[in-house]
file query36.txt (compact mmCIF, C-alpha atoms and all ligand atoms)
# COMPACT_ATOMS: atom_id res chain seq x y z
CA MET D 18 -20.70 -13.35 -6.98
CA ASP D 19 -19.27 -16.85 -7.63
CA ARG D 20 -16.29 -15.28 -9.35
CA VAL D 21 -15.78 -12.80 -6.51
CA GLU D 22 -15.93 -15.70 -4.07
CA ALA D 23 -13.34 -17.70 -6.03
CA PHE D 24 -11.07 -14.66 -6.09
CA TYR D 25 -11.58 -13.87 -2.40
CA LYS D 26 -10.68 -17.44 -1.39
CA ARG D 27 -7.26 -17.10 -3.01
CA ILE D 28 -6.63 -13.39 -2.47
CA PRO D 29 -8.69 -12.07 0.46
CA SER D 30 -7.96 -8.46 -0.29
CA TYR D 31 -9.88 -6.05 -2.47
CA CYS D 32 -12.79 -5.76 -4.89
CA ALA D 33 -13.42 -2.82 -7.23
CA THR D 34 -17.07 -2.09 -8.02
CA ASN D 35 -19.51 0.66 -8.96
CA GLY D 36 -21.30 -0.10 -5.68
CA LEU D 37 -24.73 -0.63 -7.24
CA ILE D 38 -24.89 -4.21 -5.97
CA LYS D 39 -24.03 -4.74 -2.33
CA VAL D 40 -21.33 -7.28 -1.61
CA PRO D 41 -22.89 -9.60 1.00
CA ARG D 42 -20.94 -9.08 4.19
CA ASP D 43 -21.91 -12.49 5.60
CA LYS D 44 -19.90 -14.05 2.75
CA PHE D 45 -17.13 -11.47 2.57
CA PRO D 46 -16.91 -10.01 6.06
CA ASP D 47 -13.72 -8.01 5.71
CA MET D 48 -13.14 -7.74 1.98
CA MET D 49 -12.03 -4.21 1.09
CA VAL D 50 -14.51 -2.67 -1.36
CA GLY D 51 -13.41 0.22 -3.58
CA ILE D 52 -16.33 2.04 -5.19
CA SER D 53 -15.68 4.08 -8.32
CA LEU D 54 -16.89 7.67 -8.24
CA TRP D 55 -16.63 10.38 -10.88
CA GLY D 56 -17.54 13.52 -8.98
CA GLY D 57 -20.68 15.10 -7.56
CA GLY D 58 -24.22 14.08 -8.57
CA GLU D 59 -24.35 16.26 -11.70
CA ASP D 60 -20.89 15.18 -12.92
CA GLU D 61 -21.83 11.54 -12.44
CA LYS D 62 -24.99 12.02 -14.50
CA VAL D 63 -22.95 13.53 -17.34
CA LEU D 64 -20.14 10.97 -17.22
CA ARG D 65 -22.04 7.80 -16.22
CA GLY D 66 -25.68 8.63 -16.95
CA LYS D 67 -26.62 8.29 -13.30
CA ASP D 68 -25.79 9.61 -9.82
CA THR D 69 -24.39 6.28 -8.63
CA PHE D 70 -23.44 7.72 -5.23
CA SER D 71 -27.07 7.90 -4.13
CA VAL D 72 -27.33 4.11 -4.55
CA SER D 73 -23.84 3.01 -3.49
CA SER D 74 -23.84 5.19 -0.36
CA LYS D 75 -27.08 3.55 0.81
CA ASN D 76 -25.59 0.11 0.19
CA TYR D 77 -22.40 0.81 2.10
CA GLU D 78 -23.15 3.56 4.63
CA GLY D 79 -20.89 3.15 7.70
CA ASP D 80 -19.19 0.03 6.28
CA PRO D 81 -15.74 -0.26 7.92
CA TYR D 82 -14.10 -1.86 4.85
CA THR D 83 -15.28 0.43 2.07
CA TYR D 84 -13.85 3.47 0.36
CA TYR D 85 -14.66 5.56 -2.67
CA LEU D 86 -12.12 5.62 -5.46
CA TYR D 87 -12.79 9.17 -6.61
CA THR D 88 -11.40 9.94 -10.06
CA ILE D 89 -10.98 13.69 -10.37
CA THR D 90 -11.31 15.21 -13.82
CA PRO D 91 -10.04 18.68 -14.87
CA LYS D 92 -13.63 19.94 -14.71
CA GLN D 93 -13.80 19.21 -10.98
CA VAL D 94 -10.86 21.29 -9.87
CA GLY D 95 -12.17 23.65 -7.18
CA LYS D 96 -15.26 21.48 -6.62
CA ILE D 97 -14.07 18.42 -4.74
CA GLU D 98 -14.93 19.49 -1.19
CA PRO D 99 -18.70 18.80 -1.43
CA VAL D 100 -17.93 15.31 -2.79
CA VAL D 101 -15.55 14.54 0.07
CA LYS D 102 -18.08 15.92 2.57
CA ARG D 103 -20.82 13.69 1.15
CA ILE D 104 -18.54 10.70 1.70
CA ALA D 105 -17.59 11.78 5.23
CA ASP D 106 -21.28 12.22 6.05
CA VAL D 107 -22.04 8.57 5.25
CA GLY D 108 -19.07 7.37 7.34
CA LEU D 109 -16.92 6.10 4.47
CA LYS D 110 -13.37 6.80 3.28
CA VAL D 111 -12.07 8.19 0.00
CA HIS D 112 -8.96 7.73 -2.12
CA LEU D 113 -8.28 10.46 -4.69
CA GLN D 114 -6.93 9.76 -8.11
CA LEU D 115 -6.78 11.64 -11.42
CA LEU D 116 -8.34 10.99 -14.78
CA SER D 117 -6.06 9.79 -17.57
CA ASN D 118 -7.90 10.94 -20.67
CA ASP D 119 -7.54 7.64 -22.58
CA GLU D 120 -10.41 8.42 -24.93
CA GLY D 121 -8.98 11.85 -25.75
CA VAL D 122 -12.22 13.62 -24.88
CA ASP D 123 -12.13 17.37 -25.50
CA GLY D 124 -11.97 19.41 -22.30
CA PHE D 125 -10.62 16.53 -20.22
CA PHE D 126 -6.90 17.02 -20.81
CA TRP D 127 -4.95 18.32 -17.82
CA LYS D 128 -3.42 21.80 -18.00
CA PRO D 129 -0.36 22.52 -15.80
CA GLU D 130 -2.19 25.22 -13.83
CA GLU D 131 -5.11 22.85 -13.11
CA LEU D 132 -2.71 20.22 -11.77
CA ARG D 133 -0.99 22.83 -9.61
CA ASP D 134 -4.30 24.04 -8.15
CA LEU D 135 -5.51 20.49 -7.65
CA ARG D 136 -2.43 19.52 -5.66
CA PHE D 137 -3.21 22.21 -3.09
CA GLU D 138 -6.91 21.38 -3.10
CA MET D 139 -6.07 17.73 -2.34
CA ASP D 140 -3.79 18.89 0.50
CA GLU D 141 -6.63 20.99 1.89
CA MET D 142 -9.01 18.02 1.78
CA LEU D 143 -6.52 15.92 3.73
CA ASP D 144 -6.16 18.66 6.36
CA GLN D 145 -9.90 19.20 6.58
CA TYR D 146 -11.01 15.53 6.51
CA PRO D 147 -8.06 13.54 7.93
CA ARG D 148 -10.27 10.62 9.00
CA THR D 149 -11.97 10.36 5.62
CA VAL D 150 -9.25 11.00 3.04
CA ILE D 151 -6.75 8.12 2.80
CA SER D 152 -3.79 9.94 1.34
CA CYS D 153 -0.64 11.95 2.01
CA LYS D 154 0.78 15.18 0.64
CA TYR D 155 3.74 13.50 -1.02
CA TYR D 156 1.32 11.38 -3.07
CA HIS D 157 -0.46 14.58 -4.12
CA GLU D 158 2.85 16.06 -5.22
CA ILE D 159 3.90 12.95 -7.16
CA ILE D 160 0.58 12.37 -8.92
CA THR D 161 0.07 16.00 -9.96
CA THR D 162 3.65 16.74 -11.03
CA GLY D 163 4.61 13.27 -12.34
CA LYS D 164 8.04 13.93 -10.82
CA MET D 165 9.98 12.19 -8.10
CA MET D 166 13.51 13.14 -7.11
CA GLY D 167 13.86 15.05 -10.40
CA ARG D 168 12.81 12.03 -12.49
CA SER D 169 9.66 11.80 -14.60
CA PHE D 170 7.06 9.05 -14.33
CA GLY D 171 6.38 7.04 -17.49
CA TRP D 172 7.24 3.87 -19.38
CA ARG D 173 10.93 4.04 -18.47
CA GLU D 174 10.18 4.11 -14.72
CA CYS D 175 6.85 2.35 -14.26
CA PRO D 176 6.90 -0.68 -11.92
CA SER D 177 3.38 -1.91 -12.90
CA VAL D 178 4.30 -3.61 -16.19
CA THR D 179 3.49 -7.28 -16.79
CA GLU D 180 6.76 -9.11 -16.26
CA SER D 181 6.61 -11.41 -19.28
CA LEU D 182 5.97 -8.45 -21.63
CA ASP D 183 8.62 -6.24 -20.12
CA ASN D 184 11.65 -5.94 -22.40
CA ARG D 185 13.05 -2.72 -20.95
CA GLN D 186 16.80 -2.56 -20.56
CA PRO D 187 18.22 -2.16 -18.04
CA PRO D 188 15.36 -3.86 -16.13
CA VAL D 189 13.37 -1.55 -13.85
CA LYS D 190 12.88 -1.95 -10.14
CA ARG D 191 9.85 -4.03 -9.25
CA LEU D 192 7.66 -4.24 -6.18
CA ILE D 193 6.25 -7.66 -7.01
CA HIS D 194 6.29 -9.94 -10.04
CA PHE D 195 3.50 -7.91 -11.61
CA TYR D 196 1.03 -9.54 -14.02
CA ARG D 197 -2.20 -8.15 -15.40
CA TRP D 198 -4.30 -11.16 -16.39
CA ALA D 199 -7.12 -10.81 -18.89
CA ALA D 200 -10.62 -12.12 -18.14
CA ASP D 201 -9.88 -15.39 -19.99
CA LEU D 202 -7.18 -16.03 -17.35
CA LYS D 203 -4.77 -17.00 -20.13
CA SER D 204 -3.65 -13.83 -21.89
CA VAL D 205 -1.96 -10.92 -20.20
CA HIS D 206 -2.14 -7.17 -20.75
CA ARG D 207 0.80 -4.78 -20.83
CA CYS D 208 0.15 -3.09 -17.50
CA CYS D 209 -2.42 -2.29 -14.84
CA THR D 210 -4.27 0.16 -17.15
CA SER D 211 -5.61 -0.18 -20.68
CA ALA D 212 -3.03 -1.70 -23.05
CA THR D 213 -3.02 1.37 -25.25
CA ARG D 214 -2.72 4.15 -22.68
CA ASP D 215 -0.06 6.75 -23.39
CA CYS D 216 2.52 6.42 -20.59
CA SER D 217 3.50 10.07 -20.88
CA THR D 218 0.07 11.22 -19.67
CA CYS D 219 -0.72 8.25 -17.39
CA LYS D 220 -2.13 9.29 -14.01
CA ASP D 221 -2.73 5.83 -12.57
CA GLY D 222 -2.68 6.22 -8.78
CA ALA D 223 -1.50 2.70 -7.88
CA ALA D 224 1.34 2.85 -10.41
CA HIS D 225 2.51 6.18 -8.95
CA MET D 226 2.35 4.81 -5.40
CA SER D 227 4.29 1.71 -6.50
CA TRP D 228 6.83 3.96 -8.17
CA VAL D 229 7.54 5.64 -4.84
CA MET D 230 7.57 2.34 -2.95
CA VAL D 231 10.15 0.60 -5.17
CA ASN D 232 12.47 3.59 -4.81
CA LYS D 233 13.06 3.31 -1.07
CA HIS D 234 16.81 3.96 -1.22
CA ASP D 235 16.29 7.27 -2.98
CA HIS D 236 14.26 8.35 0.04
CA MET D 237 16.99 7.67 2.60
CA ASN D 238 18.79 11.00 2.35
CA SER D 239 16.74 13.02 4.80
CA THR D 240 14.14 12.53 7.52
CA LYS D 241 11.53 14.27 5.36
CA ASP D 242 12.20 12.01 2.36
CA LEU D 243 11.90 8.87 4.46
CA GLN D 244 8.77 10.19 6.13
CA ASN D 245 7.28 10.82 2.67
CA TRP D 246 8.13 7.29 1.56
CA ILE D 247 6.58 5.76 4.70
CA GLU D 248 3.40 7.82 4.28
CA VAL D 249 2.91 6.59 0.71
CA TYR D 250 3.56 3.01 1.80
CA GLU D 251 1.10 3.46 4.65
CA MET D 252 -1.70 4.78 2.46
CA PHE D 253 -1.17 1.95 -0.04
CA ALA D 254 -1.26 -0.62 2.78
CA LYS D 255 -4.51 0.85 4.12
CA LEU D 256 -6.17 0.84 0.70
CA TYR D 257 -5.37 -2.82 0.11
CA ARG D 258 -6.26 -3.84 3.67
CA LEU D 259 -2.72 -4.77 4.70
CA ILE D 260 -3.03 -2.58 7.82
CA PRO D 261 -6.12 -1.01 9.49
CA TRP D 262 -7.22 2.53 8.55
S1 LIG S 301 0.17 3.31 -18.98
FE1 LIG S 301 0.78 3.91 -16.91
S2 LIG S 301 0.68 2.04 -15.69
FE2 LIG S 301 0.73 1.42 -17.87
S3 LIG S 301 2.93 1.11 -18.33
FE3 LIG S 301 2.42 3.21 -18.90
S4 LIG S 301 2.96 4.40 -17.08
FE4 LIG S 301 2.77 2.26 -16.41
call {"tool": "encode", "arguments": {"input": "query36.txt", "output": "structure tokens"}}
result
Amino acid sequence: MDRVEAFYKRIPSYCATNGLIKVPRDKFPDMMVGISLWGGGEDEKVLRGKDTFSVSSKNYEGDPYTYYLYTITPKQVGKIEPVVKRIADVGLKVHLQLLSNDEGVDGFFWKPEELRDLRFEMDEMLDQYPRTVISCKYYHEIITTGKMMGRSFGWRECPSVTESLDNRQPPVKRLIHFYRWAADLKSVHRCCTSATRDCSTCKDGAAHMSWVMVNKHDHMNSTKDLQNWIEVYEMFAKLYRLIPW
């Protein structure tokens, strides 16, 4: 907790956790807490050896500054509603993102038809649970197709690359002077994900949101495009506690 406190003093924003230990709210009254979740109880047992939701939901039930960061795997397509309902029932929020199969585990690679079905399932969740799901349909489109304005997401376009390691030419658009510091606080990693992840299959949610945000001018051609851009910005701002839910 000392390290969380040191971080919170400088950057009073967000803490990612598995939710098994409760962040003391007297010390961190409004720190945004993002709890990792890997599906329903049975999926969590397979993937993490334990149904962590049963513990984390007791720790954080009704907490106004907590959401679940639900990583959807190909095996959960068609099964996400009960997970979202469980979260709604304990008065918390959820942000949906997709698994990048970094370990190359069999059965966890995305097939195009799964991504297509998932996009519509995510849309349905947003329609059905608008006060629980922090998202927008344009984000669902971008993250499942990996396309924006006819361009493909990947190394060439990604805004979440550590600045000092970024030798791309011409330089890409940036949201901030991005740096991913290692735990020793001296070395840096390539980007916001593991240093070895394959950019062509990367599904990182924050990197996709940033990709939309840095490309504001490309979203100025129609009301719908601008609306889409604002909605992605809005969901990002909510998730990092820059604006209220
Ligand atoms: S792995 Fe993802 S976040 Fe990292 S540089 Fe590649 S596309 Fe960007």
call {"tool": "atom_distance", "arguments": {"input": "query36.txt", "atom1": "CA of Glu22 in chain D", "atom2": "CA of Leu113 in chain D"}}
result
27.3 Å
call {"tool": "residues_around", "arguments": {"input": "query36.txt", "residues": "Tyr156 in chain D", "least_positions_apart": "3", "cutoff": "9 Å", "atoms": "only C-alpha atoms", "output": "PyMOL selection string"}}
result
chain D and resi 152-153+159-161+222+225-226+229+245+248-249
call {"tool": "closest_residue", "arguments": {"input": "query36.txt", "among": "D:Arg258, D:Arg136, D:Lys75, D:Arg168", "to": "Asp235 in chain D", "atoms": "all atoms listed in the file"}}
result
D:Arg168
call {"tool": "closest_residue", "arguments": {"input": "query36.txt", "among": "D:Phe45, D:Tyr257, D:Tyr250, D:Phe170", "to": "ligand LIG 301 (chain S)", "atoms": "all atoms listed in the file"}}
result
D:Phe170
call {"tool": "axis_aligned_box", "arguments": {"input": "query36.txt", "around": "ligand LIG 301 (chain S)", "padding_each_side": "8 Å", "output": "JSON"}}
result
{"center_x": 1.6, "center_y": 2.8, "center_z": -17.3, "size_x": 18.8, "size_y": 19.3, "size_z": 19.3}
call {"tool": "residues_near_ligand", "arguments": {"input": "query36.txt", "ligand": "ligand LIG 301 (chain S)", "cutoff": "12 Å", "atoms": "only C-alpha atoms and all ligand atoms", "output": "PyMOL selection string"}}
result
chain D and resi 116-119+160+163+169-180+182-185+189+191+195-197+206-228
call {"tool": "atom_distance", "arguments": {"input": "query36.txt", "atom1": "CA of Met252 in chain D", "atom2": "CA of Val150 in chain D"}}
result
9.8 Å
call {"tool": "atom_distance", "arguments": {"input": "query36.txt", "atom1": "CA of Trp198 in chain D", "atom2": "CA of Thr83 in chain D"}}
result
24.4 Å
call {"tool": "build_atoms", "arguments": {"input": "query36.txt", "residues": "range 211-237 of chain D", "atoms": "N, CA and C atoms", "output": "PDB file, keeping the file's coordinate frame"}}
result
ATOM      1  N   SER D 211      -5.296   0.305 -19.334  1.00  0.00           N
ATOM      2  CA  SER D 211      -5.610  -0.180 -20.680  1.00  0.00           C
ATOM      3  C   SER D 211      -4.301  -0.355 -21.457  1.00  0.00           C
ATOM      4  N   ALA D 212      -4.281  -1.345 -22.363  1.00  0.00           N
ATOM      5  CA  ALA D 212      -3.030  -1.700 -23.050  1.00  0.00           C
ATOM      6  C   ALA D 212      -2.529  -0.585 -23.966  1.00  0.00           C
ATOM      7  N   THR D 213      -3.406   0.353 -24.282  1.00  0.00           N
ATOM      8  CA  THR D 213      -3.020   1.370 -25.250  1.00  0.00           C
ATOM      9  C   THR D 213      -2.772   2.746 -24.620  1.00  0.00           C
ATOM     10  N   ARG D 214      -2.883   2.829 -23.305  1.00  0.00           N
ATOM     11  CA  ARG D 214      -2.720   4.150 -22.680  1.00  0.00           C
ATOM     12  C   ARG D 214      -1.326   4.718 -22.956  1.00  0.00           C
ATOM     13  N   ASP D 215      -1.306   6.036 -23.167  1.00  0.00           N
ATOM     14  CA  ASP D 215      -0.060   6.750 -23.390  1.00  0.00           C
ATOM     15  C   ASP D 215       0.639   6.966 -22.043  1.00  0.00           C
ATOM     16  N   CYS D 216       1.805   6.343 -21.884  1.00  0.00           N
ATOM     17  CA  CYS D 216       2.520   6.420 -20.590  1.00  0.00           C
ATOM     18  C   CYS D 216       2.870   7.860 -20.211  1.00  0.00           C
ATOM     19  N   SER D 217       3.047   8.715 -21.209  1.00  0.00           N
ATOM     20  CA  SER D 217       3.500  10.070 -20.880  1.00  0.00           C
ATOM     21  C   SER D 217       2.399  10.903 -20.227  1.00  0.00           C
ATOM     22  N   THR D 218       1.145  10.471 -20.346  1.00  0.00           N
ATOM     23  CA  THR D 218       0.070  11.220 -19.670  1.00  0.00           C
ATOM     24  C   THR D 218      -0.654  10.338 -18.640  1.00  0.00           C
ATOM     25  N   CYS D 219      -0.076   9.188 -18.325  1.00  0.00           N
ATOM     26  CA  CYS D 219      -0.720   8.250 -17.390  1.00  0.00           C
ATOM     27  C   CYS D 219      -0.781   8.831 -15.980  1.00  0.00           C
ATOM     28  N   LYS D 220      -1.967   8.766 -15.377  1.00  0.00           N
ATOM     29  CA  LYS D 220      -2.130   9.290 -14.010  1.00  0.00           C
ATOM     30  C   LYS D 220      -2.538   8.171 -13.052  1.00  0.00           C
ATOM     31  N   ASP D 221      -2.286   6.943 -13.409  1.00  0.00           N
ATOM     32  CA  ASP D 221      -2.730   5.830 -12.570  1.00  0.00           C
ATOM     33  C   ASP D 221      -2.166   5.967 -11.142  1.00  0.00           C
ATOM     34  N   GLY D 222      -3.083   5.981 -10.164  1.00  0.00           N
ATOM     35  CA  GLY D 222      -2.680   6.220  -8.780  1.00  0.00           C
ATOM     36  C   GLY D 222      -1.830   5.096  -8.212  1.00  0.00           C
ATOM     37  N   ALA D 223      -2.249   3.829  -8.444  1.00  0.00           N
ATOM     38  CA  ALA D 223      -1.500   2.700  -7.880  1.00  0.00           C
ATOM     39  C   ALA D 223      -0.100   2.625  -8.477  1.00  0.00           C
ATOM     40  N   ALA D 224       0.019   2.900  -9.772  1.00  0.00           N
ATOM     41  CA  ALA D 224       1.340   2.850 -10.410  1.00  0.00           C
ATOM     42  C   ALA D 224       2.257   3.940  -9.832  1.00  0.00           C
ATOM     43  N   HIS D 225       1.692   5.112  -9.551  1.00  0.00           N
ATOM     44  CA  HIS D 225       2.510   6.180  -8.950  1.00  0.00           C
ATOM     45  C   HIS D 225       2.921   5.806  -7.520  1.00  0.00           C
ATOM     46  N   MET D 226       1.983   5.225  -6.763  1.00  0.00           N
ATOM     47  CA  MET D 226       2.350   4.810  -5.400  1.00  0.00           C
ATOM     48  C   MET D 226       3.440   3.742  -5.445  1.00  0.00           C
ATOM     49  N   SER D 227       3.283   2.773  -6.369  1.00  0.00           N
ATOM     50  CA  SER D 227       4.290   1.710  -6.500  1.00  0.00           C
ATOM     51  C   SER D 227       5.643   2.299  -6.884  1.00  0.00           C
ATOM     52  N   TRP D 228       5.595   3.299  -7.729  1.00  0.00           N
ATOM     53  CA  TRP D 228       6.830   3.960  -8.170  1.00  0.00           C
ATOM     54  C   TRP D 228       7.611   4.502  -6.972  1.00  0.00           C
ATOM     55  N   VAL D 229       6.879   5.145  -6.055  1.00  0.00           N
ATOM     56  CA  VAL D 229       7.540   5.640  -4.840  1.00  0.00           C
ATOM     57  C   VAL D 229       8.063   4.459  -4.027  1.00  0.00           C
ATOM     58  N   MET D 230       7.213   3.433  -3.859  1.00  0.00           N
ATOM     59  CA  MET D 230       7.570   2.340  -2.950  1.00  0.00           C
ATOM     60  C   MET D 230       8.816   1.572  -3.405  1.00  0.00           C
ATOM     61  N   VAL D 231       8.972   1.356  -4.711  1.00  0.00           N
ATOM     62  CA  VAL D 231      10.150   0.600  -5.170  1.00  0.00           C
ATOM     63  C   VAL D 231      11.442   1.436  -5.064  1.00  0.00           C
ATOM     64  N   ASN D 232      11.289   2.727  -4.865  1.00  0.00           N
ATOM     65  CA  ASN D 232      12.470   3.590  -4.810  1.00  0.00           C
ATOM     66  C   ASN D 232      12.795   4.019  -3.376  1.00  0.00           C
ATOM     67  N   LYS D 233      12.815   3.038  -2.496  1.00  0.00           N
ATOM     68  CA  LYS D 233      13.060   3.310  -1.070  1.00  0.00           C
ATOM     69  C   LYS D 233      14.432   3.979  -0.862  1.00  0.00           C
ATOM     70  N   HIS D 234      15.464   3.445  -1.507  1.00  0.00           N
ATOM     71  CA  HIS D 234      16.810   3.960  -1.220  1.00  0.00           C
ATOM     72  C   HIS D 234      16.972   5.431  -1.612  1.00  0.00           C
ATOM     73  N   ASP D 235      16.219   5.852  -2.596  1.00  0.00           N
ATOM     74  CA  ASP D 235      16.290   7.270  -2.980  1.00  0.00           C
ATOM     75  C   ASP D 235      15.654   8.179  -1.933  1.00  0.00           C
ATOM     76  N   HIS D 236      14.923   7.561  -0.985  1.00  0.00           N
ATOM     77  CA  HIS D 236      14.260   8.350   0.040  1.00  0.00           C
ATOM     78  C   HIS D 236      14.974   8.233   1.394  1.00  0.00           C
ATOM     79  N   MET D 237      16.248   7.885   1.352  1.00  0.00           N
ATOM     80  CA  MET D 237      16.990   7.670   2.600  1.00  0.00           C
ATOM     81  C   MET D 237      17.898   8.854   2.943  1.00  0.00           C
TER      82      MET D 237
END
